[in-house]
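target-v3.pdb follows; it contains PDB, C-alpha atoms.
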ATOM      1  CA  MET O 141     -41.719 245.535 175.842
ATOM      2  CA  HIS O 142     -41.824 247.218 172.380
ATOM      3  CA  GLU O 143     -45.335 246.014 171.724
ATOM      4  CA  GLY O 144     -46.543 249.225 173.366
ATOM      5  CA  ILE O 145     -44.836 251.450 170.764
ATOM      6  CA  PRO O 146     -47.330 252.046 167.970
ATOM      7  CA  ASP O 147     -46.035 251.492 164.430
ATOM      8  CA  PHE O 148     -42.539 250.538 165.666
ATOM      9  CA  ALA O 149     -40.520 248.939 162.879
ATOM     10  CA  MET O 150     -36.797 248.301 162.633
ATOM     11  CA  PRO O 151     -35.293 249.213 159.229
ATOM     12  CA  PRO O 152     -34.419 246.263 157.009
ATOM     13  CA  GLU O 153     -31.002 244.693 157.681
ATOM     14  CA  ASP O 154     -29.591 245.555 154.241
ATOM     15  CA  GLN O 155     -30.586 249.209 154.685
ATOM     16  CA  VAL O 156     -28.922 249.324 158.116
ATOM     17  CA  ARG O 157     -25.749 247.768 156.672
ATOM     18  CA  ARG O 158     -25.641 250.306 153.799
ATOM     19  CA  ALA O 159     -26.062 253.182 156.257
ATOM     20  CA  ALA O 160     -23.273 251.856 158.497
ATOM     21  CA  ASP O 161     -20.999 251.424 155.473
ATOM     22  CA  ALA O 162     -21.672 254.978 154.297
ATOM     23  CA  LEU O 163     -20.973 256.427 157.743
ATOM     24  CA  ARG O 164     -17.804 254.347 158.066
ATOM     25  CA  MET O 165     -16.588 255.849 154.794
ATOM     26  CA  LEU O 166     -16.748 259.321 156.359
ATOM     27  CA  ALA O 167     -14.381 258.267 159.151
ATOM     28  CA  ASP O 168     -11.335 259.104 157.009
ATOM     29  CA  PRO O 169     -10.230 262.695 156.247
ATOM     30  CA  THR O 170      -8.983 261.808 152.750
ATOM     31  CA  ARG O 171     -12.344 260.294 151.834
ATOM     32  CA  ILE O 172     -14.158 263.413 153.017
ATOM     33  CA  LYS O 173     -11.840 265.525 150.825
ATOM     34  CA  ILE O 174     -12.422 263.193 147.865
ATOM     35  CA  LEU O 175     -16.199 263.413 148.261
ATOM     36  CA  TRP O 176     -15.998 267.193 148.638
ATOM     37  CA  ALA O 177     -13.960 267.442 145.433
ATOM     38  CA  LEU O 178     -16.401 265.180 143.586
ATOM     39  CA  LEU O 179     -19.290 267.446 144.527
ATOM     40  CA  GLN O 180     -17.582 270.028 142.297
ATOM     41  CA  GLY O 181     -17.993 267.670 139.322
ATOM     42  CA  GLU O 182     -16.617 264.617 137.572
ATOM     43  CA  THR O 183     -12.855 264.132 137.786
ATOM     44  CA  SER O 184     -10.050 261.603 137.395
ATOM     45  CA  VAL O 185      -7.910 259.836 139.994
ATOM     46  CA  ALA O 186      -4.867 261.943 139.072
ATOM     47  CA  CYS O 187      -6.768 265.191 139.559
ATOM     48  CA  LEU O 188      -8.285 263.978 142.840
ATOM     49  CA  ALA O 189      -4.844 262.951 144.089
ATOM     50  CA  GLU O 190      -3.553 266.457 143.447
ATOM     51  CA  LEU O 191      -6.598 268.085 145.051
ATOM     52  CA  VAL O 192      -6.489 266.021 148.252
ATOM     53  CA  GLY O 193      -2.700 265.786 148.538
ATOM     54  CA  ALA O 194      -2.429 262.016 148.349
ATOM     55  CA  ALA O 195      -0.795 259.465 146.074
ATOM     56  CA  PRO O 196      -2.921 258.293 143.127
ATOM     57  CA  THR O 197      -2.729 254.679 144.363
ATOM     58  CA  ALA O 198      -4.102 255.719 147.768
ATOM     59  CA  VAL O 199      -6.882 257.724 146.114
ATOM     60  CA  SER O 200      -7.757 254.719 143.935
ATOM     61  CA  GLN O 201      -8.082 252.541 147.029
ATOM     62  CA  HIS O 202     -10.315 255.104 148.726
ATOM     63  CA  LEU O 203     -12.448 255.404 145.591
ATOM     64  CA  ALA O 204     -12.882 251.631 145.431
ATOM     65  CA  LYS O 205     -14.266 251.637 148.981
ATOM     66  CA  LEU O 206     -16.478 254.640 148.313
ATOM     67  CA  ARG O 207     -17.795 252.941 145.183
ATOM     68  CA  LEU O 208     -18.632 249.763 147.101
ATOM     69  CA  ALA O 209     -20.494 251.879 149.667
ATOM     70  CA  GLY O 210     -22.498 253.419 146.813
ATOM     71  CA  LEU O 211     -21.196 256.943 147.380
ATOM     72  CA  VAL O 212     -19.334 257.377 144.082
ATOM     73  CA  GLU O 213     -19.660 256.070 140.548
ATOM     74  CA  GLY O 214     -17.015 255.591 137.900
ATOM     75  CA  ARG O 215     -17.232 256.090 134.143
ATOM     76  CA  ARG O 216     -14.557 254.554 131.949
ATOM     77  CA  GLU O 217     -13.289 256.483 128.947
ATOM     78  CA  GLY O 218     -10.470 254.607 127.245
ATOM     79  CA  THR O 219      -7.831 253.907 129.869
ATOM     80  CA  PHE O 220      -9.142 256.591 132.252
ATOM     81  CA  VAL O 221     -11.901 256.359 134.848
ATOM     82  CA  TYR O 222     -13.767 259.511 135.795
ATOM     83  CA  TYR O 223     -15.587 259.594 139.111
ATOM     84  CA  THR O 224     -18.689 261.392 140.311
ATOM     85  CA  ALA O 225     -20.424 261.544 143.669
ATOM     86  CA  GLU O 226     -24.071 260.671 144.193
ATOM     87  CA  ASN O 227     -24.752 264.357 144.772
ATOM     88  CA  ALA O 228     -27.887 264.472 146.953
ATOM     89  CA  ARG O 229     -26.842 261.695 149.314
ATOM     90  CA  VAL O 230     -23.195 262.781 149.566
ATOM     91  CA  ARG O 231     -24.251 266.395 150.072
ATOM     92  CA  ARG O 232     -26.538 265.378 152.966
ATOM     93  CA  LEU O 233     -23.823 263.221 154.561
ATOM     94  CA  LEU O 234     -21.181 265.942 154.295
ATOM     95  CA  THR O 235     -23.569 268.615 155.547
ATOM     96  CA  GLU O 236     -24.220 266.578 158.672
ATOM     97  CA  ALA O 237     -20.584 265.617 159.134
ATOM     98  CA  LEU O 238     -19.080 269.076 158.521
ATOM     99  CA  GLY O 239     -21.831 271.127 160.120
ATOM    100  CA  GLU O 240     -24.049 273.895 158.841
ATOM    101  CA  SER O 241     -21.177 276.304 158.285
ATOM    102  CA  ALA O 242     -19.700 274.148 155.502
ATOM    103  CA  ASP O 243     -19.981 275.943 152.168
ATOM    104  CA  LEU O 244     -21.064 272.974 150.077
ATOM    105  CA  PRO O 245     -21.183 273.334 146.294
ATOM    106  CA  ARG O 246     -24.618 273.365 144.712
TER     107      ARG O 246
END
Here is the file; what I need is its structure written in the form of structure tokens.
Amino acid sequence: MHEGIPDFAMPPEDQVRRAADALRMLADPTRIKILWALLQGETSVACLAELVGAAPTAVSQHLAKLRLAGLVEGRREGTFVYYTAENARVRRLLTEALGESADLPR
């Protein structure tokens, strides 16, 4: 049936899985707030917890999932870990999720 569609190709399975994981990460309001805050720049778990109104342990758990999905990265400095968002990808995801009226940081 699909033989009639010229140049039809399904994306590779690992790419589909990464996309599904990234979209699943946006299904939680706290994670959206965390990503939004990280678009402002690098910050710590304690600061993120204050910004999003959640306990630091909950924010740490969310960050672990976001890191596994490839949406955030952590940088260790002594006993602290500072997180950043993969700006271009996160910005595109949040723009789509929040709509065009969202005032995303540059």
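Residue membership of the PyMOL selection byres ((chain O and resi 212-218) around 10) in the shown file amounts to Ile174, Leu175, Leu178, Glu182, Thr183, Ser184, Leu203, Ala204, Lys205, Leu206, Arg207, Leu208, Ala209, Gly210, Leu211, Thr219, Phe220, Val221, Tyr222, Tyr223, Thr224, Ala225, Glu226, Asn227 and Val230 of chain O.
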In the coordinate frame of the file, compute which residues have an atom within 12 Å of (-10.2, 262.3, 154.7) when using only C-alpha atoms, and state them as a PDB file with C-alpha atoms, keeping the file's coordinate frame.
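Writing done, so here's part10.pdb:
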ATOM      1  CA  ARG O 164     -17.804 254.347 158.066  1.00  0.00           C
ATOM      2  CA  MET O 165     -16.588 255.849 154.794  1.00  0.00           C
ATOM      3  CA  LEU O 166     -16.748 259.321 156.359  1.00  0.00           C
ATOM      4  CA  ALA O 167     -14.381 258.267 159.151  1.00  0.00           C
ATOM      5  CA  ASP O 168     -11.335 259.104 157.009  1.00  0.00           C
ATOM      6  CA  PRO O 169     -10.230 262.695 156.247  1.00  0.00           C
ATOM      7  CA  THR O 170      -8.983 261.808 152.750  1.00  0.00           C
ATOM      8  CA  ARG O 171     -12.344 260.294 151.834  1.00  0.00           C
ATOM      9  CA  ILE O 172     -14.158 263.413 153.017  1.00  0.00           C
ATOM     10  CA  LYS O 173     -11.840 265.525 150.825  1.00  0.00           C
ATOM     11  CA  ILE O 174     -12.422 263.193 147.865  1.00  0.00           C
ATOM     12  CA  LEU O 175     -16.199 263.413 148.261  1.00  0.00           C
ATOM     13  CA  TRP O 176     -15.998 267.193 148.638  1.00  0.00           C
ATOM     14  CA  ALA O 177     -13.960 267.442 145.433  1.00  0.00           C
ATOM     15  CA  ALA O 189      -4.844 262.951 144.089  1.00  0.00           C
ATOM     16  CA  LEU O 191      -6.598 268.085 145.051  1.00  0.00           C
ATOM     17  CA  VAL O 192      -6.489 266.021 148.252  1.00  0.00           C
ATOM     18  CA  GLY O 193      -2.700 265.786 148.538  1.00  0.00           C
ATOM     19  CA  ALA O 194      -2.429 262.016 148.349  1.00  0.00           C
ATOM     20  CA  ALA O 198      -4.102 255.719 147.768  1.00  0.00           C
ATOM     21  CA  VAL O 199      -6.882 257.724 146.114  1.00  0.00           C
ATOM     22  CA  HIS O 202     -10.315 255.104 148.726  1.00  0.00           C
ATOM     23  CA  LEU O 203     -12.448 255.404 145.591  1.00  0.00           C
ATOM     24  CA  LEU O 206     -16.478 254.640 148.313  1.00  0.00           C
ATOM     25  CA  LEU O 234     -21.181 265.942 154.295  1.00  0.00           C
ATOM     26  CA  ALA O 237     -20.584 265.617 159.134  1.00  0.00           C
ATOM     27  CA  LEU O 238     -19.080 269.076 158.521  1.00  0.00           C
TER      28      LEU O 238
END
| task | Enter the distance from atom CA of O:Pro151 to atom CA of O:Leu179, in Å, rounded to one decimal. | result |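 If I compute the distance from atom CA of O:Pro151 to atom CA of O:Leu179, I get 28.4 Å.
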| What does the distance from atom CA of O:Gln201 to atom CA of O:Leu188 come to in Å, to one decimal? |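 Distance between the two atoms: 12.2 Å.
Coordinates place atom CA of O:Ala159 at a distance of 13.7 Å from atom CA of O:Glu236.
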